[in-house]
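Asks: My structure is stored as coords20.tsv, with TSV, C-alpha atoms and all ligand atoms.
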```tsv
chain	number	residue	atom	x	y	z
A	1	MET	CA	-37.15	-2.91	59.61
A	2	LYS	CA	-35.04	-0.46	61.54
A	3	VAL	CA	-33.14	-1.53	64.67
A	4	THR	CA	-35.16	0.96	66.74
A	5	GLU	CA	-38.41	-0.46	65.34
A	6	HIS	CA	-37.33	-3.97	66.34
A	7	ILE	CA	-36.64	-2.69	69.85
A	8	GLU	CA	-40.04	-1.00	70.06
A	9	ALA	CA	-41.83	-4.06	68.69
A	10	ALA	CA	-40.17	-6.29	71.31
A	11	GLN	CA	-41.99	-4.34	74.09
A	12	ASN	CA	-39.21	-4.54	76.69
A	13	LYS	CA	-38.25	-8.12	75.82
A	14	THR	CA	-34.46	-8.41	75.39
A	15	LEU	CA	-33.48	-9.31	71.83
A	16	PHE	CA	-30.49	-11.36	70.66
A	17	SER	CA	-28.14	-10.08	67.96
A	18	PHE	CA	-24.55	-10.51	66.91
A	19	GLU	CA	-21.75	-9.09	64.79
A	20	ILE	CA	-19.83	-10.95	62.14
A	21	VAL	CA	-16.62	-10.20	60.29
A	22	PRO	CA	-16.43	-10.70	56.48
A	23	PRO	CA	-14.22	-13.60	55.42
A	24	GLN	CA	-10.75	-12.87	54.14
A	25	LYS	CA	-10.53	-12.13	50.44
A	26	GLY	CA	-10.47	-15.42	48.50
A	27	LYS	CA	-12.35	-17.41	51.17
A	28	ASN	CA	-15.78	-18.84	50.52
A	29	ILE	CA	-18.92	-17.26	52.00
A	30	GLN	CA	-20.08	-20.75	53.02
A	31	GLU	CA	-17.78	-20.59	56.04
A	32	LEU	CA	-19.70	-17.54	57.19
A	33	TYR	CA	-23.06	-19.25	56.66
A	34	ASP	CA	-21.82	-22.26	58.65
A	35	ASN	CA	-21.25	-19.93	61.59
A	36	ILE	CA	-24.51	-18.02	61.18
A	37	ASP	CA	-26.73	-21.12	60.73
A	38	PRO	CA	-26.52	-22.34	64.36
A	39	LEU	CA	-27.45	-18.87	65.69
A	40	MET	CA	-30.60	-18.34	63.62
A	41	GLU	CA	-32.78	-20.42	65.99
A	42	PHE	CA	-32.45	-17.54	68.49
A	43	ASN	CA	-34.21	-15.19	66.04
A	44	PRO	CA	-31.80	-12.29	65.77
A	45	PRO	CA	-33.77	-9.36	64.32
A	46	PHE	CA	-30.55	-7.91	62.91
A	47	ILE	CA	-26.95	-8.93	62.27
A	48	ASP	CA	-24.04	-6.47	62.09
A	49	VAL	CA	-21.30	-6.87	59.49
A	50	THR	CA	-18.01	-5.11	60.21
A	51	THR	CA	-15.93	-3.14	57.73
A	52	SER	CA	-12.13	-3.25	57.67
A	53	ARG	CA	-10.15	-0.30	56.52
A	54	GLU	CA	-7.32	-0.53	54.05
A	55	GLU	CA	-3.81	-1.63	54.98
A	56	PHE	CA	-0.38	-1.49	53.40
A	57	VAL	CA	1.42	-4.53	52.04
A	58	TYR	CA	5.05	-4.51	50.98
A	59	LEU	CA	5.85	-6.49	47.83
A	60	GLU	CA	9.47	-7.40	47.18
A	61	LYS	CA	10.80	-7.14	43.62
A	62	ASP	CA	14.52	-7.29	42.75
A	63	GLY	CA	15.50	-6.47	46.32
A	64	LEU	CA	13.24	-3.41	46.48
A	65	TYR	CA	9.99	-3.15	48.40
A	66	ASP	CA	6.96	-1.66	46.74
A	67	ARG	CA	4.19	-0.41	49.04
A	68	LYS	CA	0.65	-1.24	47.91
A	69	VAL	CA	-2.70	-0.61	49.49
A	70	THR	CA	-5.08	-3.52	49.97
A	71	ARG	CA	-8.24	-4.51	51.80
A	72	THR	CA	-8.12	-8.05	53.17
A	73	ARG	CA	-11.80	-8.29	54.14
A	74	PRO	CA	-13.84	-6.36	51.57
A	75	GLY	CA	-17.46	-7.09	50.76
A	76	THR	CA	-19.44	-5.77	53.73
A	77	VAL	CA	-22.44	-4.54	51.73
A	78	GLY	CA	-22.46	-7.66	49.51
A	79	ILE	CA	-22.45	-9.88	52.60
A	80	CYS	CA	-25.24	-7.81	54.16
A	81	ALA	CA	-27.36	-8.29	51.05
A	82	ALA	CA	-26.59	-12.03	50.86
A	83	ILE	CA	-27.49	-12.61	54.53
A	84	LYS	CA	-30.56	-10.40	54.38
A	85	HIS	CA	-32.03	-12.41	51.54
A	86	LYS	CA	-30.86	-15.87	52.65
A	87	TYR	CA	-32.08	-15.59	56.25
A	88	LYS	CA	-34.76	-12.89	55.92
A	89	VAL	CA	-33.07	-10.87	58.63
A	90	ASP	CA	-32.11	-7.20	58.78
A	91	THR	CA	-28.44	-6.45	58.39
A	92	VAL	CA	-26.35	-3.53	59.60
A	93	PRO	CA	-23.26	-2.71	57.53
A	94	HIS	CA	-20.58	-0.75	59.36
A	95	VAL	CA	-19.59	2.45	57.57
A	96	LEU	CA	-16.18	3.95	58.34
A	97	CYS	CA	-14.54	7.35	58.06
A	98	GLY	CA	-11.04	5.85	57.85
A	99	GLY	CA	-10.10	4.60	54.41
A	100	PHE	CA	-13.12	6.03	52.59
A	101	THR	CA	-13.75	9.33	50.85
A	102	LYS	CA	-17.11	11.00	51.40
A	103	GLU	CA	-18.03	10.14	47.81
A	104	GLU	CA	-17.26	6.44	48.34
A	105	THR	CA	-19.43	6.55	51.44
A	106	GLU	CA	-22.26	8.14	49.47
A	107	TYR	CA	-22.08	5.40	46.83
A	108	MET	CA	-22.06	2.71	49.52
A	109	LEU	CA	-25.18	4.22	51.06
A	110	VAL	CA	-26.88	4.36	47.68
A	111	ASP	CA	-26.10	0.64	47.25
A	112	CYS	CA	-27.65	0.00	50.67
A	113	GLN	CA	-30.83	1.79	49.61
A	114	TYR	CA	-31.16	-0.26	46.44
A	115	LEU	CA	-30.67	-3.41	48.49
A	116	GLY	CA	-33.30	-2.45	51.06
A	117	ILE	CA	-30.76	-2.13	53.88
A	118	GLN	CA	-32.28	0.34	56.34
A	119	ASN	CA	-29.67	0.39	59.12
A	120	VAL	CA	-26.03	1.45	59.23
A	121	MET	CA	-23.49	1.72	62.01
A	122	ALA	CA	-21.43	4.94	61.62
A	123	LEU	CA	-17.86	4.65	62.92
A	124	ARG	CA	-14.63	6.52	62.64
A	125	GLY	CA	-12.37	3.47	62.42
A	126	ASP	CA	-8.94	3.12	63.97
A	127	ALA	CA	-5.57	4.48	62.92
A	128	MET	CA	-3.72	2.44	60.29
A	129	LYS	CA	-1.12	0.07	61.73
A	130	HIS	CA	1.81	2.38	60.99
A	131	GLN	CA	0.07	5.48	62.40
A	132	ARG	CA	0.25	6.57	66.01
A	133	TYR	CA	-3.04	8.47	65.78
A	134	PHE	CA	-6.00	8.36	63.47
A	135	GLU	CA	-5.54	10.61	60.45
A	136	ALA	CA	-8.49	11.46	58.25
A	137	THR	CA	-8.35	9.96	54.77
A	138	ASN	CA	-7.92	12.54	52.03
A	139	GLY	CA	-11.50	13.58	51.21
A	140	GLY	CA	-12.90	11.65	54.18
A	141	HIS	CA	-14.26	12.51	57.61
A	142	THR	CA	-12.30	13.04	60.83
A	143	TYR	CA	-14.97	12.06	63.36
A	144	ALA	CA	-17.94	9.74	63.34
A	145	TYR	CA	-20.41	12.59	64.01
A	146	GLU	CA	-19.51	14.05	60.58
A	147	LEU	CA	-20.36	10.71	59.00
A	148	VAL	CA	-23.70	10.72	60.85
A	149	GLU	CA	-24.34	14.22	59.45
A	150	GLN	CA	-23.58	13.04	55.92
A	151	ILE	CA	-25.98	10.10	56.26
A	152	ARG	CA	-28.75	12.27	57.74
A	153	ASN	CA	-28.27	14.89	55.00
A	154	MET	CA	-28.52	12.24	52.35
A	155	CYS	CA	-31.76	11.00	53.91
A	156	GLN	CA	-33.12	14.52	53.26
A	157	GLY	CA	-32.02	14.47	49.64
A	158	LYS	CA	-28.89	16.54	50.35
A	159	TYR	CA	-26.19	14.61	48.54
A	160	LEU	CA	-22.57	15.75	48.68
A	161	HIS	CA	-22.58	17.80	45.53
A	162	GLU	CA	-26.26	18.31	44.81
A	163	THR	CA	-29.63	18.53	46.48
A	164	LEU	CA	-32.17	16.30	44.82
A	165	GLU	CA	-35.74	17.54	45.31
A	166	ASN	CA	-38.24	14.70	45.81
A	167	SER	CA	-35.38	12.22	45.90
A	168	ASN	CA	-36.53	8.71	46.70
A	169	THR	CA	-34.27	8.53	49.70
A	170	ASP	CA	-35.14	6.27	52.60
A	171	ASP	CA	-34.38	7.25	56.14
A	172	PHE	CA	-31.53	5.21	57.58
A	173	CYS	CA	-31.56	4.12	61.19
A	174	ILE	CA	-28.06	5.01	62.41
A	175	GLY	CA	-26.09	3.29	65.18
A	176	VAL	CA	-22.94	4.71	66.76
A	177	ALA	CA	-20.30	3.37	69.15
A	178	GLY	CA	-20.21	4.12	72.87
A	179	TYR	CA	-17.46	3.27	75.36
A	180	PRO	CA	-18.38	2.39	78.98
A	181	GLU	CA	-14.68	2.61	79.90
A	182	LYS	CA	-14.15	5.63	77.60
A	183	HIS	CA	-12.58	5.56	74.14
A	184	LEU	CA	-8.85	4.95	74.35
A	185	GLU	CA	-7.98	8.39	72.96
A	186	ALA	CA	-10.47	10.38	75.06
A	187	PRO	CA	-8.97	12.35	77.95
A	188	SER	CA	-11.93	11.46	80.21
A	189	LEU	CA	-15.27	9.65	80.18
A	190	GLU	CA	-17.07	13.01	80.55
A	191	PHE	CA	-15.29	14.32	77.43
A	192	ASP	CA	-16.15	11.14	75.55
A	193	LEU	CA	-19.82	11.40	76.60
A	194	LYS	CA	-20.01	14.94	75.24
A	195	LYS	CA	-18.71	13.66	71.92
A	196	LEU	CA	-21.18	10.78	72.05
A	197	LYS	CA	-23.98	13.33	72.56
A	198	GLN	CA	-22.68	15.18	69.50
A	199	LYS	CA	-23.21	12.00	67.45
A	200	ILE	CA	-26.77	11.67	68.75
A	201	ASP	CA	-27.49	15.35	68.11
A	202	ALA	CA	-26.19	14.85	64.56
A	203	GLY	CA	-28.92	12.25	64.05
A	204	ALA	CA	-27.83	8.86	65.43
A	205	ASP	CA	-30.67	6.65	66.67
A	206	TYR	CA	-29.01	4.15	68.96
A	207	ILE	CA	-25.69	3.23	70.58
A	208	VAL	CA	-23.84	-0.09	70.71
A	209	THR	CA	-21.15	-0.30	73.36
A	210	GLN	CA	-17.62	-1.50	73.22
A	211	MET	CA	-17.17	-4.85	75.01
A	212	PHE	CA	-16.92	-4.82	78.79
A	213	PHE	CA	-16.53	-7.63	81.32
A	214	ASN	CA	-17.87	-5.91	84.40
A	215	ASN	CA	-21.55	-5.00	84.14
A	216	SER	CA	-21.26	-2.15	86.60
A	217	LYS	CA	-19.21	-0.28	83.96
A	218	TYR	CA	-22.19	-0.53	81.60
A	219	PHE	CA	-24.77	0.47	84.21
A	220	GLU	CA	-22.71	3.50	85.28
A	221	PHE	CA	-22.18	4.47	81.66
A	222	VAL	CA	-25.92	4.35	80.91
A	223	GLU	CA	-26.62	6.46	83.98
A	224	LYS	CA	-24.04	9.07	82.99
A	225	ALA	CA	-25.27	9.08	79.40
A	226	ARG	CA	-28.84	9.72	80.58
A	227	GLN	CA	-27.57	12.57	82.79
A	228	ALA	CA	-25.80	13.97	79.73
A	229	GLY	CA	-29.16	14.08	77.92
A	230	ILE	CA	-28.70	10.97	75.77
A	231	THR	CA	-32.06	9.23	75.54
A	232	VAL	CA	-31.60	6.70	72.69
A	233	PRO	CA	-31.31	2.93	73.33
A	234	ILE	CA	-27.87	1.83	74.56
A	235	ILE	CA	-27.22	-1.75	73.45
A	236	PRO	CA	-24.54	-3.62	75.39
A	237	GLY	CA	-21.96	-5.30	73.14
A	238	ILE	CA	-20.31	-8.27	74.84
A	239	LYS	CA	-17.82	-10.92	73.96
A	240	PRO	CA	-16.79	-14.20	75.56
A	241	ILE	CA	-13.09	-14.59	76.20
A	242	ALA	CA	-11.90	-17.44	73.98
A	243	VAL	CA	-8.11	-17.77	74.27
A	244	LYS	CA	-5.60	-17.13	77.04
A	245	LYS	CA	-3.92	-14.43	74.98
A	246	HIS	CA	-7.05	-12.28	75.41
A	247	LEU	CA	-5.87	-11.50	78.95
A	248	GLN	CA	-3.15	-9.31	77.47
A	249	LEU	CA	-4.68	-8.46	74.12
A	250	LEU	CA	-8.07	-7.06	75.14
A	251	PRO	CA	-6.80	-4.52	77.73
A	252	GLN	CA	-3.99	-3.52	75.36
A	253	VAL	CA	-6.08	-3.05	72.22
A	254	PHE	CA	-9.33	-1.71	73.71
A	255	LYS	CA	-8.07	-0.17	76.98
A	256	ILE	CA	-10.66	-2.06	79.01
A	257	ASP	CA	-10.36	-3.58	82.48
A	258	LEU	CA	-10.76	-7.28	83.13
A	259	PRO	CA	-12.15	-8.23	86.56
A	260	GLU	CA	-9.67	-9.99	88.86
A	261	ASP	CA	-11.94	-13.08	89.21
A	262	LEU	CA	-12.05	-13.53	85.45
A	263	ILE	CA	-8.30	-13.10	85.12
A	264	SER	CA	-7.65	-15.76	87.81
A	265	ALA	CA	-10.13	-18.20	86.27
A	266	VAL	CA	-8.60	-17.85	82.80
A	267	ASP	CA	-5.07	-17.97	84.17
A	268	ALA	CA	-5.82	-21.28	85.91
A	269	CYS	CA	-6.94	-22.92	82.64
A	270	LYS	CA	-4.67	-25.63	81.21
A	271	ASN	CA	-5.63	-25.05	77.60
A	272	ASN	CA	-7.77	-22.83	75.39
A	273	LYS	CA	-10.64	-25.34	75.47
A	274	GLU	CA	-10.92	-24.63	79.19
A	275	VAL	CA	-10.53	-20.89	78.55
A	276	ARG	CA	-13.44	-21.03	76.10
A	277	GLN	CA	-15.59	-22.67	78.76
A	278	VAL	CA	-14.66	-20.04	81.37
A	279	GLY	CA	-15.41	-17.32	78.79
A	280	VAL	CA	-18.84	-18.81	78.05
A	281	GLU	CA	-19.75	-19.11	81.75
A	282	TRP	CA	-18.66	-15.53	82.46
A	283	CYS	CA	-20.59	-14.23	79.48
A	284	ILE	CA	-23.75	-16.17	80.50
A	285	ALA	CA	-23.59	-14.62	83.99
A	286	GLN	CA	-23.05	-11.17	82.50
A	287	SER	CA	-25.89	-11.67	79.99
A	288	LYS	CA	-28.34	-12.88	82.66
A	289	GLU	CA	-27.75	-9.81	84.79
A	290	LEU	CA	-28.07	-7.48	81.81
A	291	LYS	CA	-31.25	-9.20	80.66
A	292	GLU	CA	-32.76	-8.93	84.14
A	293	ALA	CA	-31.91	-5.22	84.08
A	294	GLY	CA	-34.02	-4.96	80.91
A	295	VAL	CA	-31.42	-4.10	78.26
A	296	PRO	CA	-33.06	-3.81	74.82
A	297	VAL	CA	-30.68	-6.17	73.02
A	298	LEU	CA	-27.78	-8.42	73.94
A	299	HIS	CA	-25.32	-7.95	71.08
A	300	TYR	CA	-22.48	-10.45	70.83
A	301	TYR	CA	-19.11	-10.02	69.13
A	302	SER	CA	-18.81	-13.43	67.47
A	303	MET	CA	-15.42	-12.85	65.81
A	304	GLY	CA	-16.42	-15.35	63.11
A	305	LYS	CA	-16.94	-18.35	65.43
A	306	SER	CA	-20.41	-19.21	66.64
A	307	ASP	CA	-20.08	-22.27	68.92
A	308	ASN	CA	-19.50	-20.26	72.10
A	309	ILE	CA	-22.18	-17.68	71.22
A	310	LYS	CA	-24.62	-20.56	70.65
A	311	ASN	CA	-23.86	-21.97	74.11
A	312	ILE	CA	-24.50	-18.54	75.64
A	313	ALA	CA	-27.70	-17.91	73.67
A	314	GLN	CA	-29.04	-21.36	74.66
A	315	ALA	CA	-28.83	-20.35	78.30
A	316	LEU	CA	-30.73	-17.12	77.72
A	317	PHE	CA	-33.09	-17.15	74.74
B	401	LIG	P1	-15.58	8.92	67.21
B	401	LIG	O1	-16.95	8.95	67.78
B	401	LIG	O2	-15.28	9.83	66.08
B	401	LIG	O3	-14.56	9.19	68.42
B	401	LIG	C1	-13.17	8.94	68.26
B	401	LIG	C2	-12.40	9.72	69.31
B	401	LIG	O4	-12.46	11.12	69.01
B	401	LIG	C3	-12.94	9.59	70.74
B	401	LIG	O5	-11.84	9.61	71.61
B	401	LIG	C4	-13.81	10.82	70.93
B	401	LIG	O6	-13.87	11.21	72.29
B	401	LIG	C5	-13.07	11.84	70.08
B	401	LIG	N1	-13.97	12.81	69.44
B	401	LIG	C6	-15.15	12.57	68.83
B	401	LIG	N2	-15.65	13.71	68.33
B	401	LIG	C7	-14.78	14.69	68.61
B	401	LIG	C8	-14.72	16.09	68.35
B	401	LIG	N3	-15.72	16.71	67.70
B	401	LIG	N4	-13.65	16.79	68.79
B	401	LIG	C9	-12.64	16.17	69.48
B	401	LIG	N5	-12.63	14.86	69.76
B	401	LIG	C10	-13.69	14.12	69.32
B	401	LIG	N6	-13.75	-0.37	63.68
B	401	LIG	C11	-13.60	-0.77	62.40
B	401	LIG	O7	-12.57	-0.49	61.79
B	401	LIG	N7	-14.58	-1.48	61.76
B	401	LIG	C12	-15.75	-1.80	62.37
B	401	LIG	O8	-16.62	-2.44	61.77
B	401	LIG	C13	-15.94	-1.41	63.73
B	401	LIG	N8	-17.07	-1.70	64.40
B	401	LIG	C14	-17.23	-1.26	65.68
B	401	LIG	C15	-18.43	-1.53	66.36
B	401	LIG	C16	-18.61	-1.11	67.68
B	401	LIG	C17	-19.91	-1.40	68.39
B	401	LIG	C18	-17.57	-0.41	68.35
B	401	LIG	C19	-17.75	0.00	69.78
B	401	LIG	C20	-16.39	-0.14	67.69
B	401	LIG	C21	-16.20	-0.55	66.36
B	401	LIG	N9	-15.03	-0.27	65.66
B	401	LIG	C22	-14.88	-0.67	64.36
B	401	LIG	C23	-13.93	0.44	66.31
B	401	LIG	C24	-14.01	1.97	66.13
B	401	LIG	O9	-13.83	2.30	64.77
B	401	LIG	C25	-12.88	2.56	66.98
B	401	LIG	O10	-13.14	2.39	68.34
B	401	LIG	C26	-12.50	4.01	66.64
B	401	LIG	O11	-11.23	4.26	67.27
B	401	LIG	C27	-13.47	5.07	67.17
B	401	LIG	O12	-14.60	5.09	66.44
B	401	LIG	P2	-15.86	6.02	66.87
B	401	LIG	O13	-16.86	5.85	65.82
B	401	LIG	O14	-16.24	5.75	68.27
B	401	LIG	O15	-15.17	7.45	66.74
```
Starting from the coordinates I provided, produce the structure as C-alpha cells.
Replies:
Amino acid sequence: MKVTEHIEAAQNKTLFSFEIVPPQKGKNIQELYDNIDPLMEFNPPFIDVTTSREEFVYLEKDGLYDRKVTRTRPGTVGICAAIKHKYKVDTVPHVLCGGFTKEETEYMLVDCQYLGIQNVMALRGDAMKHQRYFEATNGGHTYAYELVEQIRNMCQGKYLHETLENSNTDDFCIGVAGYPEKHLEAPSLEFDLKKLKQKIDAGADYIVTQMFFNNSKYFEFVEKARQAGITVPIIPGIKPIAVKKHLQLLPQVFKIDLPEDLISAVDACKNNKEVRQVGVEWCIAQSKELKEAGVPVLHYYSMGKSDNIKNIAQALF
C-alpha cells in the first residue's frame, strides 16, 4: 500500500513509523532485524530505509595514496525487499540525486517495481565530505524536484531514453523532505517553501520533515506551507537525543535550534545513559503534543538503535 493510502485508511488516527539505516558493508542483516523486532508490536504501516551516497577512501601503496570511491552502506533496495517480506510491512527506499546517474536511478526504480515496493522518498543528498557545496553527479540530477519529475515520468511510461506505450508501470507514492527550520543552504524559509512547492507540483505526494525539538517550529511550518498552497500530508520526523555530543552535533550538521530547557537537562546529565533518558522523556512530550494536534504519522529517526524508540512508542501507541 502507498503511504498516503495508509494515512487515509487510518481515518485521522496517528500512525507510528520509523527510519532505519542499512548496516555497514560486511555486517550481518540480523543486527538490523534485532532492532526492528521490538518495534513491530506498534504496527508501523511503513518503514523507511536510508541511502548513503558514495565516499572517497585513500589507499596507501608504496608511500603513494590512491583515491578510490566506495559505498559503506549499500543495499537499500535489498533491505527494503527483505523487510517487506519478513514483516509484511511496506518499505520506503530513499532515492538520491547525489552519487547516482539518472540511468542508475531508473534501474533502481525498476527493481522496486519488480519487488512490489510502491513508495519512494526522493532526496537530493548532501555534498560529499570534501565538497563545500553539493555538486550534481555527472549524469545525475541537481535538485530533488528533478528526481520527482523522473519518477513521475516513469510512472507514465516515459523512461529516460524511450517511451513505452502500455508499459506495466505502477504509480509510485513519492515522499520529499521538508525543513521546519529551513534547509541549511536556503537563504530563507520562504525561499525554501517555494522550492518545496516545486517538488509537490512535480508530483510528490507527501512530506517528511527534518528533525526538530520545538514543536512550534513544526506547527508554524505547516501553517506557512498551507499558505503557500501545499496541501499534501506533512509528517513530522523526530529523534530522541541519545548522547551528550548531540548538543553540538545536531545544530552544526542540520542547522536546527535546540530549546534551552533541553540543553540544560542534557548538560546536567552525568553520563550518556542519563542523556538517553532525558532524550526519551523530551521526545515523549513532543510526540504527545503532536499526536493531540492530529499529525498523520509520528516518524522516528532510529539511527539503528531501537531501545529508546520502543520506550517512546510504549508511551504513545
Ligand atoms: P532539495 O529539495 O533539492 O533542496 C536542496 C536545497 O536546494 C535547498 O536549500 C532548496 O531550498 C534548494 N533548492 C531546491 N530547488 C531549487 C531550485 N529549483 N533552485 C534553487 N534552489 C533550489 N540524505 C541522504 O544522503 N540519504 C538519505 O537517506 C536521506 N534521508 C533524508 C530523509 C529526510 C526525511 C530528510 C529531511 C533528509 C534526508 N536526507 C538524506 C538529507 C537530504 O539529502 C539533505 O538534507 C539534502 O541536503 C537536501 O535534500 P532535499 O531533497 O531536501 O533537496
Asks: Excluding Ile235 of chain A and any residue of its chain fewer than 3 positions from it, enumerate the residues within 8 Å of it, using all atoms listed in the file, and give them as a tab-separated table (two decimals) with C-alpha atoms, in the coordinates of the input.
Replies:
```tsv
chain	number	residue	atom	x	y	z
A	206	TYR	CA	-29.01	4.15	68.96
A	207	ILE	CA	-25.69	3.23	70.58
A	208	VAL	CA	-23.84	-0.09	70.71
A	209	THR	CA	-21.15	-0.30	73.36
A	295	VAL	CA	-31.42	-4.10	78.26
A	296	PRO	CA	-33.06	-3.81	74.82
A	297	VAL	CA	-30.68	-6.17	73.02
A	298	LEU	CA	-27.78	-8.42	73.94
A	299	HIS	CA	-25.32	-7.95	71.08
```
Asks: So which one's closest to Val280 of chain A, A:Ala242, A:Gly304, A:Pro259, A:Gln252? Using only C-alpha atoms, please.
Replies: A:Ala242
Asks: Please write out the residues within 8 Å of ligand LIG 401 (chain B) as a PyMOL selection string, counting all atoms listed in the file.
Replies: chain A and resi 21+49-53+93-96+98+121-127+134+142-145+176-179+182-187+191-196+198-199+207-211+237+254
Asks: For C-alpha atoms, I'd like the residues from the last selection saved as a PDB file, keeping the file's coordinate frame.
Replies:
```pdb
ATOM      1  CA  VAL A  21     -16.620 -10.200  60.290  1.00  0.00           C
ATOM      2  CA  VAL A  49     -21.300  -6.870  59.490  1.00  0.00           C
ATOM      3  CA  THR A  50     -18.010  -5.110  60.210  1.00  0.00           C
ATOM      4  CA  THR A  51     -15.930  -3.140  57.730  1.00  0.00           C
ATOM      5  CA  SER A  52     -12.130  -3.250  57.670  1.00  0.00           C
ATOM      6  CA  ARG A  53     -10.150  -0.300  56.520  1.00  0.00           C
ATOM      7  CA  PRO A  93     -23.260  -2.710  57.530  1.00  0.00           C
ATOM      8  CA  HIS A  94     -20.580  -0.750  59.360  1.00  0.00           C
ATOM      9  CA  VAL A  95     -19.590   2.450  57.570  1.00  0.00           C
ATOM     10  CA  LEU A  96     -16.180   3.950  58.340  1.00  0.00           C
ATOM     11  CA  GLY A  98     -11.040   5.850  57.850  1.00  0.00           C
ATOM     12  CA  MET A 121     -23.490   1.720  62.010  1.00  0.00           C
ATOM     13  CA  ALA A 122     -21.430   4.940  61.620  1.00  0.00           C
ATOM     14  CA  LEU A 123     -17.860   4.650  62.920  1.00  0.00           C
ATOM     15  CA  ARG A 124     -14.630   6.520  62.640  1.00  0.00           C
ATOM     16  CA  GLY A 125     -12.370   3.470  62.420  1.00  0.00           C
ATOM     17  CA  ASP A 126      -8.940   3.120  63.970  1.00  0.00           C
ATOM     18  CA  ALA A 127      -5.570   4.480  62.920  1.00  0.00           C
ATOM     19  CA  PHE A 134      -6.000   8.360  63.470  1.00  0.00           C
ATOM     20  CA  THR A 142     -12.300  13.040  60.830  1.00  0.00           C
ATOM     21  CA  TYR A 143     -14.970  12.060  63.360  1.00  0.00           C
ATOM     22  CA  ALA A 144     -17.940   9.740  63.340  1.00  0.00           C
ATOM     23  CA  TYR A 145     -20.410  12.590  64.010  1.00  0.00           C
ATOM     24  CA  VAL A 176     -22.940   4.710  66.760  1.00  0.00           C
ATOM     25  CA  ALA A 177     -20.300   3.370  69.150  1.00  0.00           C
ATOM     26  CA  GLY A 178     -20.210   4.120  72.870  1.00  0.00           C
ATOM     27  CA  TYR A 179     -17.460   3.270  75.360  1.00  0.00           C
ATOM     28  CA  LYS A 182     -14.150   5.630  77.600  1.00  0.00           C
ATOM     29  CA  HIS A 183     -12.580   5.560  74.140  1.00  0.00           C
ATOM     30  CA  LEU A 184      -8.850   4.950  74.350  1.00  0.00           C
ATOM     31  CA  GLU A 185      -7.980   8.390  72.960  1.00  0.00           C
ATOM     32  CA  ALA A 186     -10.470  10.380  75.060  1.00  0.00           C
ATOM     33  CA  PRO A 187      -8.970  12.350  77.950  1.00  0.00           C
ATOM     34  CA  PHE A 191     -15.290  14.320  77.430  1.00  0.00           C
ATOM     35  CA  ASP A 192     -16.150  11.140  75.550  1.00  0.00           C
ATOM     36  CA  LEU A 193     -19.820  11.400  76.600  1.00  0.00           C
ATOM     37  CA  LYS A 194     -20.010  14.940  75.240  1.00  0.00           C
ATOM     38  CA  LYS A 195     -18.710  13.660  71.920  1.00  0.00           C
ATOM     39  CA  LEU A 196     -21.180  10.780  72.050  1.00  0.00           C
ATOM     40  CA  GLN A 198     -22.680  15.180  69.500  1.00  0.00           C
ATOM     41  CA  LYS A 199     -23.210  12.000  67.450  1.00  0.00           C
ATOM     42  CA  ILE A 207     -25.690   3.230  70.580  1.00  0.00           C
ATOM     43  CA  VAL A 208     -23.840  -0.090  70.710  1.00  0.00           C
ATOM     44  CA  THR A 209     -21.150  -0.300  73.360  1.00  0.00           C
ATOM     45  CA  GLN A 210     -17.620  -1.500  73.220  1.00  0.00           C
ATOM     46  CA  MET A 211     -17.170  -4.850  75.010  1.00  0.00           C
ATOM     47  CA  GLY A 237     -21.960  -5.300  73.140  1.00  0.00           C
ATOM     48  CA  PHE A 254      -9.330  -1.710  73.710  1.00  0.00           C
TER      49      PHE A 254
END
```
Asks: Which of these residues is nearest to Asn35 of chain A, using all atoms listed in the file: A:Val69, A:Lys102, A:Asp171, A:Phe18?
Replies: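 Answer, going by the shortest atom-to-atom distance: A:Phe18.
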Asks: Which residue out of A:Pro22, A:Gly279, A:Gly294, A:Gly78 has the minimum interatomic distance to Asn308 of chain A when only C-alpha atoms are used?
Replies: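 Comparing A:Pro22, A:Gly279, A:Gly294, A:Gly78 against Asn308 of chain A, the winner is A:Gly279.
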Asks: Of the residues A:Ile117, A:Ile83, A:Ile230, A:Ala9, which is the one nearest to Phe172 of chain A, using all atoms listed in the file?
Replies: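 Among the listed residues, the smallest separation from Phe172 of chain A belongs to A:Ile117.
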Asks: What's the 10 Å shell around segment 37-43 of chain A, counting only C-alpha atoms, without same-chain residues fewer than 4 positions away, as a list in words?
Replies: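 Listing them by chain and then by number gives Leu15, Phe16, Ser17, Phe18, Leu32, Tyr33, Tyr87, Val89, Ser306, Asp307, Ile309, Lys310, Asn311, Ala313, Gln314, Leu316 and Phe317 of chain A.
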Asks: Given only C-alpha atoms as the basis, pick out the residue of A:Leu249, A:Ile312, A:Val243, A:Ile256 nearest to Asn272 of chain A.
Replies: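 Nearest candidate to Asn272 of chain A out of A:Leu249, A:Ile312, A:Val243, A:Ile256: A:Val243.
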Asks: Would you work out the distance separating atom CA of Val275 of chain A from atom CA of Val253 of chain A, expressed in Å to one decimal?
Replies: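 Taking atom CA of Val275 of chain A as the start and atom CA of Val253 of chain A as the end point, the length is 19.4 Å.
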